[in-house]
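work_39.txt follows; it contains compact mmCIF, C-alpha atoms.
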# COMPACT_ATOMS: atom_id res chain seq x y z
CA MET A 1476 0.00 0.00 0.00
CA HIS A 1477 1.39 3.37 -0.98
CA VAL A 1478 1.24 6.25 1.46
CA ALA A 1479 -0.73 9.13 -0.03
CA GLU A 1480 0.02 12.03 2.30
CA ALA A 1481 -0.19 15.75 1.58
CA ARG A 1482 3.31 17.07 1.03
CA HIS A 1483 4.42 19.93 3.20
CA PRO A 1484 4.62 23.13 1.09
CA ALA A 1485 8.15 23.86 2.25
CA MET A 1486 9.35 20.55 0.79
CA ALA A 1487 7.18 20.18 -2.31
CA ALA A 1488 9.36 22.29 -4.61
CA GLN A 1489 12.71 20.77 -3.70
CA PRO A 1490 13.53 18.02 -6.21
CA ARG A 1491 16.63 16.12 -5.13
CA ARG A 1492 17.04 13.37 -7.69
CA ARG A 1493 15.84 12.62 -11.19
CA GLU A 1494 14.40 9.22 -10.38
CA THR A 1495 11.88 8.20 -7.74
CA LEU A 1496 13.35 6.49 -4.69
CA ALA A 1497 11.24 3.73 -3.15
CA VAL A 1498 11.20 3.90 0.64
CA TYR A 1499 9.66 0.89 2.40
CA ALA A 1500 8.59 1.80 5.91
CA ASP A 1501 6.99 0.33 9.00
CA LEU A 1502 4.24 2.89 9.61
CA ARG A 1503 2.25 1.03 12.27
CA TRP A 1504 3.27 3.20 15.22
CA PRO A 1505 0.15 4.04 17.28
CA ILE A 1506 -1.50 7.44 17.03
CA GLY A 1507 -0.69 9.62 20.01
CA THR A 1508 2.78 8.17 20.60
CA GLY A 1509 5.90 10.25 20.17
CA ILE A 1510 7.16 8.02 17.36
CA TYR A 1511 3.87 8.44 15.49
CA ASN A 1512 4.16 12.23 15.70
CA VAL A 1513 7.76 12.13 14.46
CA MET A 1514 6.77 9.78 11.63
CA GLU A 1515 3.92 12.04 10.51
CA ALA A 1516 6.17 15.11 10.56
CA TYR A 1517 8.66 13.41 8.23
CA ILE A 1518 6.09 11.86 5.90
CA SER A 1519 4.29 15.17 5.39
CA ARG A 1520 7.59 16.79 4.38
CA ALA A 1521 8.92 14.08 2.08
CA PRO A 1522 9.94 15.47 -1.32
CA SER A 1523 7.99 14.26 -4.32
CA GLU A 1524 10.89 12.04 -5.44
CA ILE A 1525 10.53 9.96 -2.28
CA GLU A 1526 7.82 7.34 -2.74
CA ILE A 1527 6.92 5.89 0.65
CA GLU A 1528 5.31 2.47 0.75
CA SER A 1529 3.89 1.05 3.97
CA LEU A 1530 5.12 -2.48 4.55
CA SER A 1531 2.62 -5.18 5.38
CA VAL A 1532 4.14 -6.54 8.58
CA ALA A 1533 2.72 -9.29 10.77
CA GLY A 1534 2.70 -9.12 14.55
CA GLY A 1535 3.34 -6.24 16.94
CA VAL A 1536 5.22 -3.09 16.09
CA ALA A 1537 8.03 -3.64 18.62
CA ARG A 1538 7.96 -7.23 19.83
CA PRO A 1539 10.93 -9.63 20.01
CA LEU A 1540 10.09 -11.22 16.64
CA THR A 1541 9.42 -7.92 14.84
CA PRO A 1542 12.90 -7.85 13.20
CA LEU A 1543 12.10 -11.21 11.59
CA ALA A 1544 8.67 -9.98 10.49
CA LEU A 1545 10.29 -6.92 8.91
CA ARG A 1546 12.73 -9.11 7.00
CA ARG A 1547 9.89 -11.26 5.70
CA ALA A 1548 7.94 -8.19 4.59
CA LEU A 1549 11.01 -6.80 2.81
CA ARG A 1550 11.57 -10.02 0.86
CA ALA A 1551 8.71 -9.03 -1.43
CA HIS A 1552 10.84 -6.05 -2.50
CA SER A 1553 14.25 -7.74 -2.61
CA SER A 1554 14.51 -7.38 -6.38
CA HIS A 1555 13.94 -3.62 -6.21
CA GLU A 1556 16.35 -0.83 -5.44
CA GLY A 1557 15.23 1.11 -2.39
CA VAL A 1558 15.62 1.93 1.28
CA PHE A 1559 13.94 0.53 4.36
CA TRP A 1560 13.15 3.31 6.83
CA ASN A 1561 11.86 2.75 10.34
CA PRO A 1562 10.87 5.95 12.21
CA GLY A 1563 10.96 3.79 15.31
CA PHE A 1564 13.92 1.88 16.68
CA VAL A 1565 13.46 -1.64 15.27
CA PRO A 1566 15.90 -2.84 12.59
CA PRO A 1567 15.18 -5.78 10.29
CA ALA A 1568 16.80 -9.13 11.04
CA GLY A 1569 19.65 -10.37 8.91
CA SER A 1570 21.49 -8.75 6.06
CA LEU A 1571 19.46 -7.33 3.17
CA PRO A 1572 20.34 -7.39 -0.53
CA GLU A 1573 22.88 -4.71 -1.52
CA ARG A 1574 20.22 -2.80 -3.44
CA LEU A 1575 17.99 -2.58 -0.32
CA GLN A 1576 19.55 -0.92 2.72
CA SER A 1577 18.20 0.26 6.08
CA VAL A 1578 17.90 3.60 7.87
CA VAL A 1579 16.59 3.33 11.44
CA THR A 1580 15.89 6.08 13.98
CA VAL A 1581 17.01 5.44 17.57
CA HIS A 1582 15.20 7.79 19.95
CA ASP A 1583 16.87 6.52 23.13
CA LEU A 1584 18.16 3.41 24.86
CA THR A 1585 15.56 3.29 27.63
CA HIS A 1586 14.96 -0.41 27.03
CA ARG A 1587 18.49 -1.13 28.25
CA HIS A 1588 18.08 0.97 31.39
CA PHE A 1589 14.50 0.79 32.65
CA TYR A 1590 12.67 -2.20 31.14
CA GLY A 1591 14.31 -5.03 33.05
CA ARG A 1592 17.07 -7.55 32.56
CA THR A 1593 15.37 -9.38 29.68
CA HIS A 1594 15.11 -6.23 27.57
CA ARG A 1595 18.74 -5.37 28.24
CA ILE A 1596 19.94 -8.84 27.23
CA TYR A 1597 17.80 -8.75 24.08
CA TYR A 1598 19.26 -5.39 23.08
CA ASP A 1599 22.81 -6.52 23.74
CA LEU A 1600 22.53 -9.90 22.01
CA VAL A 1601 20.14 -9.09 19.16
CA PHE A 1602 19.63 -5.40 18.44
CA ARG A 1603 23.28 -4.42 18.69
CA ALA A 1604 24.24 -6.75 15.84
CA LEU A 1605 21.24 -5.72 13.74
CA TYR A 1606 22.00 -2.02 14.09
CA ARG A 1607 25.52 -2.65 12.83
CA GLN A 1608 24.03 -4.01 9.59
CA CYS A 1609 22.11 -0.78 8.92
CA ALA A 1610 23.46 1.62 6.34
CA ALA A 1611 22.67 4.49 8.71
CA VAL A 1612 21.27 5.09 12.18
CA VAL A 1613 19.63 8.40 13.06
CA CYS A 1614 19.79 9.61 16.67
CA VAL A 1615 17.65 12.48 17.91
CA SER A 1616 20.27 14.16 20.11
CA GLU A 1617 24.03 14.30 20.64
CA PHE A 1618 23.48 12.58 23.98
CA THR A 1619 21.73 9.65 22.32
CA ARG A 1620 24.34 9.45 19.56
CA ASN A 1621 27.22 9.34 22.06
CA GLU A 1622 25.49 6.70 24.17
CA PHE A 1623 24.59 4.67 21.08
CA LEU A 1624 28.13 4.80 19.67
CA GLU A 1625 29.68 3.72 22.96
CA TRP A 1626 27.25 0.82 23.28
CA SER A 1627 26.97 -0.36 19.68
CA GLY A 1628 30.54 -0.05 18.45
CA MET A 1629 29.11 1.13 15.13
CA PRO A 1630 31.34 3.32 12.90
CA SER A 1631 30.71 6.95 13.78
CA ASP A 1632 30.26 8.01 10.15
CA ARG A 1633 27.11 5.88 9.95
CA VAL A 1634 25.46 7.38 13.03
CA HIS A 1635 23.85 10.78 12.49
CA VAL A 1636 22.10 13.37 14.66
CA ILE A 1637 18.84 14.78 13.33
CA VAL A 1638 16.91 16.54 16.08
CA ASN A 1639 13.15 16.52 16.45
CA GLY A 1640 11.09 19.59 15.69
CA VAL A 1641 7.90 20.83 17.25
CA ASP A 1642 4.47 20.91 15.63
CA ALA A 1643 3.56 24.42 14.50
CA ALA A 1644 0.13 23.93 16.09
CA TYR A 1645 1.66 24.69 19.49
CA ALA A 1646 2.91 28.12 18.46
CA ARG A 1647 -0.27 28.98 16.53
CA ASN A 1648 -2.65 28.05 19.31
CA ARG A 1649 -3.97 30.70 21.69
CA GLU A 1650 -6.76 28.70 23.32
CA THR A 1651 -6.82 26.75 26.59
CA LEU A 1652 -9.01 23.98 27.95
CA ASP A 1653 -10.46 26.34 30.56
CA TYR A 1654 -9.71 24.33 33.67
CA PRO A 1655 -11.18 26.15 36.70
CA PHE A 1656 -7.80 26.15 38.50
CA PRO A 1657 -4.19 27.07 37.72
CA TYR A 1658 -2.03 24.02 37.13
CA VAL A 1659 1.47 22.69 36.78
CA LEU A 1660 1.54 20.27 33.85
CA TYR A 1661 3.17 16.89 33.42
CA PRO A 1662 2.35 15.37 29.98
CA GLY A 1663 3.50 11.85 29.29
CA ASN A 1664 3.50 8.21 30.32
CA ARG A 1665 4.11 6.91 33.81
CA ARG A 1666 7.12 4.65 33.42
CA SER A 1667 9.54 4.54 36.33
CA TYR A 1668 12.13 6.84 34.77
CA LYS A 1669 9.54 9.62 34.46
CA ASN A 1670 10.14 10.16 38.19
CA LEU A 1671 6.53 10.93 39.06
CA ASN A 1672 6.73 9.94 42.73
CA ARG A 1673 9.45 12.51 43.36
CA LEU A 1674 7.54 15.05 41.29
CA ILE A 1675 4.47 14.58 43.51
CA GLU A 1676 6.60 14.78 46.66
CA ALA A 1677 8.19 17.99 45.42
CA PHE A 1678 4.83 19.51 44.55
CA GLY A 1679 3.56 18.69 48.04
CA ALA A 1680 6.65 20.32 49.58
CA SER A 1681 6.46 23.41 47.37
CA GLY A 1682 3.40 24.88 49.06
CA LEU A 1683 1.77 25.67 45.73
CA GLU A 1684 -1.38 23.81 46.75
CA ARG A 1685 -2.08 26.56 49.30
CA SER A 1686 -2.35 29.00 46.38
CA GLY A 1687 -4.99 26.85 44.69
CA ILE A 1688 -2.53 25.43 42.16
CA ARG A 1689 -2.88 21.79 41.11
CA LEU A 1690 -0.53 19.24 39.60
CA LEU A 1691 -2.19 18.04 36.40
CA LEU A 1692 -1.14 14.76 34.75
CA THR A 1693 -2.30 13.52 31.37
CA GLY A 1694 -4.27 10.29 31.23
CA ASN A 1695 -6.71 8.59 33.57
CA PRO A 1696 -6.42 8.53 37.37
CA ASP A 1697 -3.83 6.16 38.79
CA SER A 1698 -4.53 4.73 42.24
CA SER A 1699 -0.84 4.30 43.10
CA LEU A 1700 -0.13 7.96 42.31
CA VAL A 1701 -3.21 9.09 44.22
CA ASP A 1702 -2.08 7.03 47.23
CA HIS A 1703 1.38 8.54 47.00
CA ALA A 1704 -0.10 12.05 46.84
CA ARG A 1705 -2.16 11.22 49.95
CA ARG A 1706 0.99 10.24 51.82
CA CYS A 1707 2.58 13.51 50.70
CA GLY A 1708 -0.41 15.53 51.86
CA CYS A 1709 -1.39 16.82 48.42
CA GLU A 1710 -4.03 14.35 47.24
CA ALA A 1711 -6.63 17.10 46.72
CA ALA A 1712 -4.27 18.96 44.40
CA LEU A 1713 -3.51 16.01 42.12
CA ALA A 1714 -5.64 16.05 38.95
CA PHE A 1715 -5.82 14.01 35.74
CA THR A 1716 -6.90 15.09 32.26
CA GLY A 1717 -8.30 11.76 31.13
CA VAL A 1718 -7.52 10.65 27.58
CA LEU A 1719 -7.16 13.67 25.30
CA PRO A 1720 -7.02 13.74 21.49
CA ASN A 1721 -3.81 15.00 19.89
CA GLU A 1722 -5.49 18.23 18.78
CA ALA A 1723 -6.26 19.14 22.41
CA MET A 1724 -2.63 19.03 23.52
CA PRO A 1725 -1.67 22.58 22.43
CA LYS A 1726 -4.61 23.92 24.44
CA LEU A 1727 -3.56 21.87 27.46
CA TYR A 1728 -0.02 23.26 27.30
CA ARG A 1729 -1.14 26.86 26.72
CA GLY A 1730 -3.15 26.88 29.94
CA ALA A 1731 -0.32 25.65 32.18
CA LEU A 1732 1.47 27.75 34.78
CA PHE A 1733 4.64 25.88 33.88
CA LEU A 1734 5.78 22.46 32.66
CA ALA A 1735 7.29 20.04 35.21
CA PHE A 1736 9.27 17.42 33.31
CA VAL A 1737 11.86 15.97 35.69
CA SER A 1738 12.62 12.59 34.14
CA LEU A 1739 15.65 10.58 35.11
CA TYR A 1740 16.40 9.89 31.45
CA GLU A 1741 15.30 11.13 28.03
CA GLY A 1742 16.77 10.61 24.60
CA PHE A 1743 15.30 13.97 23.61
CA GLY A 1744 12.38 15.38 25.61
CA LEU A 1745 9.83 16.74 23.14
CA PRO A 1746 7.49 18.17 25.85
CA ILE A 1747 10.22 20.72 26.63
CA LEU A 1748 9.86 22.21 23.14
CA GLU A 1749 6.09 21.88 23.05
CA ALA A 1750 5.85 23.93 26.24
CA MET A 1751 8.28 26.56 24.98
CA ALA A 1752 6.37 26.90 21.72
CA SER A 1753 3.18 27.33 23.77
CA GLY A 1754 4.58 30.22 25.78
CA VAL A 1755 4.93 28.15 28.96
CA PRO A 1756 8.00 28.14 31.27
CA VAL A 1757 9.86 24.85 31.63
CA LEU A 1758 11.23 23.04 34.67
CA THR A 1759 13.27 20.02 33.64
CA SER A 1760 16.15 17.74 34.62
CA ASN A 1761 19.88 18.29 34.37
CA LEU A 1762 20.40 14.71 33.14
CA SER A 1763 20.76 12.97 29.74
CA ALA A 1764 19.46 14.94 26.72
CA MET A 1765 17.26 17.41 28.58
CA PRO A 1766 19.89 20.14 29.11
CA GLU A 1767 20.87 19.80 25.45
CA VAL A 1768 17.29 20.43 24.32
CA ALA A 1769 16.46 23.10 26.89
CA GLY A 1770 19.63 25.15 26.57
CA GLN A 1771 19.49 28.28 28.74
CA ALA A 1772 15.70 28.57 28.34
CA ALA A 1773 14.59 26.35 31.24
CA VAL A 1774 15.13 25.80 34.94
CA LEU A 1775 17.35 22.73 35.32
CA VAL A 1776 17.19 20.71 38.53
CA ASP A 1777 18.61 17.54 40.00
CA PRO A 1778 15.65 15.13 39.52
CA LEU A 1779 16.90 12.95 42.38
CA SER A 1780 16.58 15.81 44.85
CA VAL A 1781 13.01 16.46 46.02
CA ASP A 1782 14.21 19.64 47.72
CA ASP A 1783 15.81 20.93 44.51
CA VAL A 1784 12.64 20.28 42.51
CA ALA A 1785 10.36 21.71 45.21
CA THR A 1786 12.39 24.94 45.50
CA ALA A 1787 12.26 25.47 41.74
CA MET A 1788 8.53 24.77 41.63
CA LYS A 1789 7.91 27.28 44.42
CA GLU A 1790 9.88 29.98 42.58
CA LEU A 1791 8.20 29.33 39.24
CA GLY A 1792 4.78 29.30 40.84
CA ARG A 1793 5.22 32.71 42.46
CA ASP A 1794 7.78 34.72 40.46
CA HIS A 1795 5.95 36.26 37.50
CA VAL A 1796 9.03 38.14 36.31
CA TRP A 1797 11.12 34.96 36.19
CA ARG A 1798 8.39 33.14 34.29
CA ALA A 1799 8.21 35.96 31.73
CA LYS A 1800 11.98 35.76 31.15
CA LEU A 1801 11.81 32.01 30.65
CA ILE A 1802 8.92 32.36 28.21
CA ALA A 1803 10.93 34.81 26.10
CA ARG A 1804 13.97 32.54 26.14
CA GLY A 1805 11.77 29.58 25.24
CA TYR A 1806 10.38 31.29 22.15
CA GLU A 1807 13.95 31.91 21.01
CA ARG A 1808 15.17 28.43 21.86
CA VAL A 1809 12.41 26.59 20.02
CA ARG A 1810 13.43 28.26 16.75
CA HIS A 1811 16.45 25.93 16.68
CA PHE A 1812 14.22 22.87 16.30
CA ASP A 1813 12.50 23.11 12.94
CA TRP A 1814 10.76 20.15 11.32
CA ASP A 1815 11.43 21.47 7.82
CA GLU A 1816 15.18 21.50 8.44
CA SER A 1817 15.15 18.11 10.13
CA ALA A 1818 13.06 16.56 7.35
CA ALA A 1819 15.42 17.95 4.71
CA LYS A 1820 18.34 16.30 6.53
CA LEU A 1821 16.55 12.97 6.94
CA TRP A 1822 15.42 12.66 3.34
CA SER A 1823 18.86 13.77 2.12
CA LEU A 1824 20.40 10.97 4.17
CA VAL A 1825 17.85 8.45 2.86
CA ASP A 1826 18.55 9.64 -0.67
CA ASP A 1827 22.30 9.19 -0.13
CA VAL A 1828 21.72 5.63 1.08
CA GLY A 1829 19.48 4.97 -1.92
CA SER A 1830 22.09 6.34 -4.30
CA ALA A 1831 24.72 4.08 -2.77
CA CYS A 1832 22.37 1.13 -3.31
CA GLY A 1833 22.12 2.02 -6.99
CA LYS A 1834 25.90 2.24 -7.39
CA SER A 1835 26.34 -1.20 -5.86
CA ARG A 1836 24.32 -2.95 -8.57
What does the file become when written as structure tokens?
Amino acid sequence: MHVAEARHPAMAAQPRRRETLAVYADLRWPIGTGIYNVMEAYISRAPSEIEIESLSVAGGVARPLTPLALRRALRAHSSHEGVFWNPGFVPPAGSLPERLQSVVTVHDLTHRHFYGRTHRIYYDLVFRALYRQCAAVVCVSEFTRNEFLEWSGMPSDRVHVIVNGVDAAYARNRETLDYPFPYVLYPGNRRSYKNLNRLIEAFGASGLERSGIRLLLTGNPDSSLVDHARRCGCEAALAFTGVLPNEAMPKLYRGALFLAFVSLYEGFGLPILEAMASGVPVLTSNLSAMPEVAGQAAVLVDPLSVDDVATAMKELGRDHVWRAKLIARGYERVRHFDWDESAAKLWSLVDDVGSACGKSR
């Protein structure tokens, strides 16, 4: 099945090669996930010479046997010159024909750090070898590239940094969701490295609840988090958005007092940019890729220190002048993360890999 997506106007008039390049892609990433949003941003900006075809792949999108399923799906195209592109992190199993090479995006190595011993072993024994067979690996930050290179042993000239951008909808939007209370926002999943227990403890210690401010988390209520908030004395100030559609997210950000994103690990940290584009101050961690993304436009804290996080939350909740300075810096910072520029780099890399495939015939 061919992907028939509207081409982004900034990319439509930029022919890069005389012949069409077939790009076979695994496009099954679920709507609402970060990988889906990245995938859509790239597809909508693909030049007309890039013909993207969605592979018919059996099984889950990121299960242990997915590399084998990808290889089986690619066999149907083994006689054609082209490139396999995965906007996610899963490479195909085994070597591919010379005329069909792989480009895979690695967003982070969380599976090695936070998903248990089995995931780590699988990455070390299976994924590491498969990545080495790719023509190119794209990392979303210098932090991720450095970590990936050290772990994989892959030649550095085949590992590239192409940063994420931020959807223009965040900067365009001026509406909010009209919550009847001011709120500190955490948008994201609830995996252990997101550090939500310490975030709740810090909010409880900040005293912001006494000013009527709530800590608002995306998604449905979580009994373990509610219990933790009760132990911290801030249960009444913990709120949940429920499941929101993608188009509601800019409104959710715009209404926030500030973003609290104090993860222990991120390969990038897209909420940092989404908040900045929305005119919202950012509180984030001084670990992994977050300082790289935030630059000087956010408050950086030690995410392991509840006192450090609580002090910063208290200041951001009460100092209007400081928030205004951070908002101005955020607007400037977010200009360095442009989807048009990133898409041009990605498709240029894919084109280079495709050209190399043609020369190898």
inquiry  = So that I can check the surroundings of range 1547-1554 of chain A, please list as a ChimeraX atom specification every protein, DNA and RNA residue that reaches within 7 Å of it, counting all atoms listed in the file and ignoring chain neighbours fewer than 3 positions away.
reply    = /A:1530-1532,1543-1544,1572,1575
*From A:Ile1518, A:Val1796, A:Leu1739, A:Val1825, residue lying nearest Val1612 in chain A [all atoms listed in the file]*: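 That would be A:Val1825, the residue with the smallest distance to Val1612 in chain A.
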Query - Residue among A:Ala1712, A:Arg1729, A:Val1536, A:Leu1745 lying closest to Arg1647 in chain A, counting all atoms listed in the file - result: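 Smallest separation from Arg1647 in chain A among the options: A:Arg1729.
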| message | If we count all atoms listed in the file and set the cut-off at 12 Å, which residues sit around Ser1738 in chain A, ignoring sequence neighbours fewer than 4 positions away in its own chain? Please answer as JSON, numbers by chain. | response | {"A": [1585, 1661, 1662, 1663, 1664, 1665, 1666, 1667, 1668, 1669, 1670, 1671, 1672, 1673, 1674, 1742, 1743, 1744, 1746, 1747, 1758, 1759, 1760, 1761, 1762, 1763, 1764, 1765, 1766, 1775, 1776, 1777, 1778, 1779, 1780, 1784]}
Glu1650 in chain A proximity check over A:Val1581, A:Leu1824, A:Ala1831, A:Leu1727, using all atoms listed in the file: winner is A:Leu1727
Need the shell around Leu1713 in chain A: protein/DNA/RNA residues with any atom at most 7 Å away, counting all atoms listed in the file. Skip same-chain ones fewer than 6 positions apart. Format as a VMD selection string?
chain A and resid 1689 to 1691
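When all atoms listed in the file are used to measure the gap to Ser1830 in chain A, the shortest distance among A:Ala1497, A:Asp1783, A:Phe1678, A:Asn1721 belongs to A:Ala1497.
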Restricting to only C-alpha atoms, whichever of A:Val1636, A:Leu1692, A:Ala1521, A:Val1513 is closest to Val1615 in chain A is A:Val1636
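When all atoms listed in the file are used to measure the gap to Ala1723 in chain A, the shortest distance among A:Leu1652, A:Val1768, A:His1555, A:His1586 belongs to A:Leu1652.
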Cut-off 7 Å around (16.6, 1.0, 4.7) with only C-alpha atoms: residues as number ranges by chain: A: 1558-1560, 1575-1578
Report as a PyMOL selection string all protein, DNA and RNA residues lying within 12 Å of Met1724 in chain A, evaluated on all atoms listed in the file, omitting residues in the same chain fewer than 4 positions from it.
chain A and resi 1507+1642+1644-1646+1648-1652+1660-1663+1693-1694+1716-1720+1728-1731+1746+1749-1750+1753
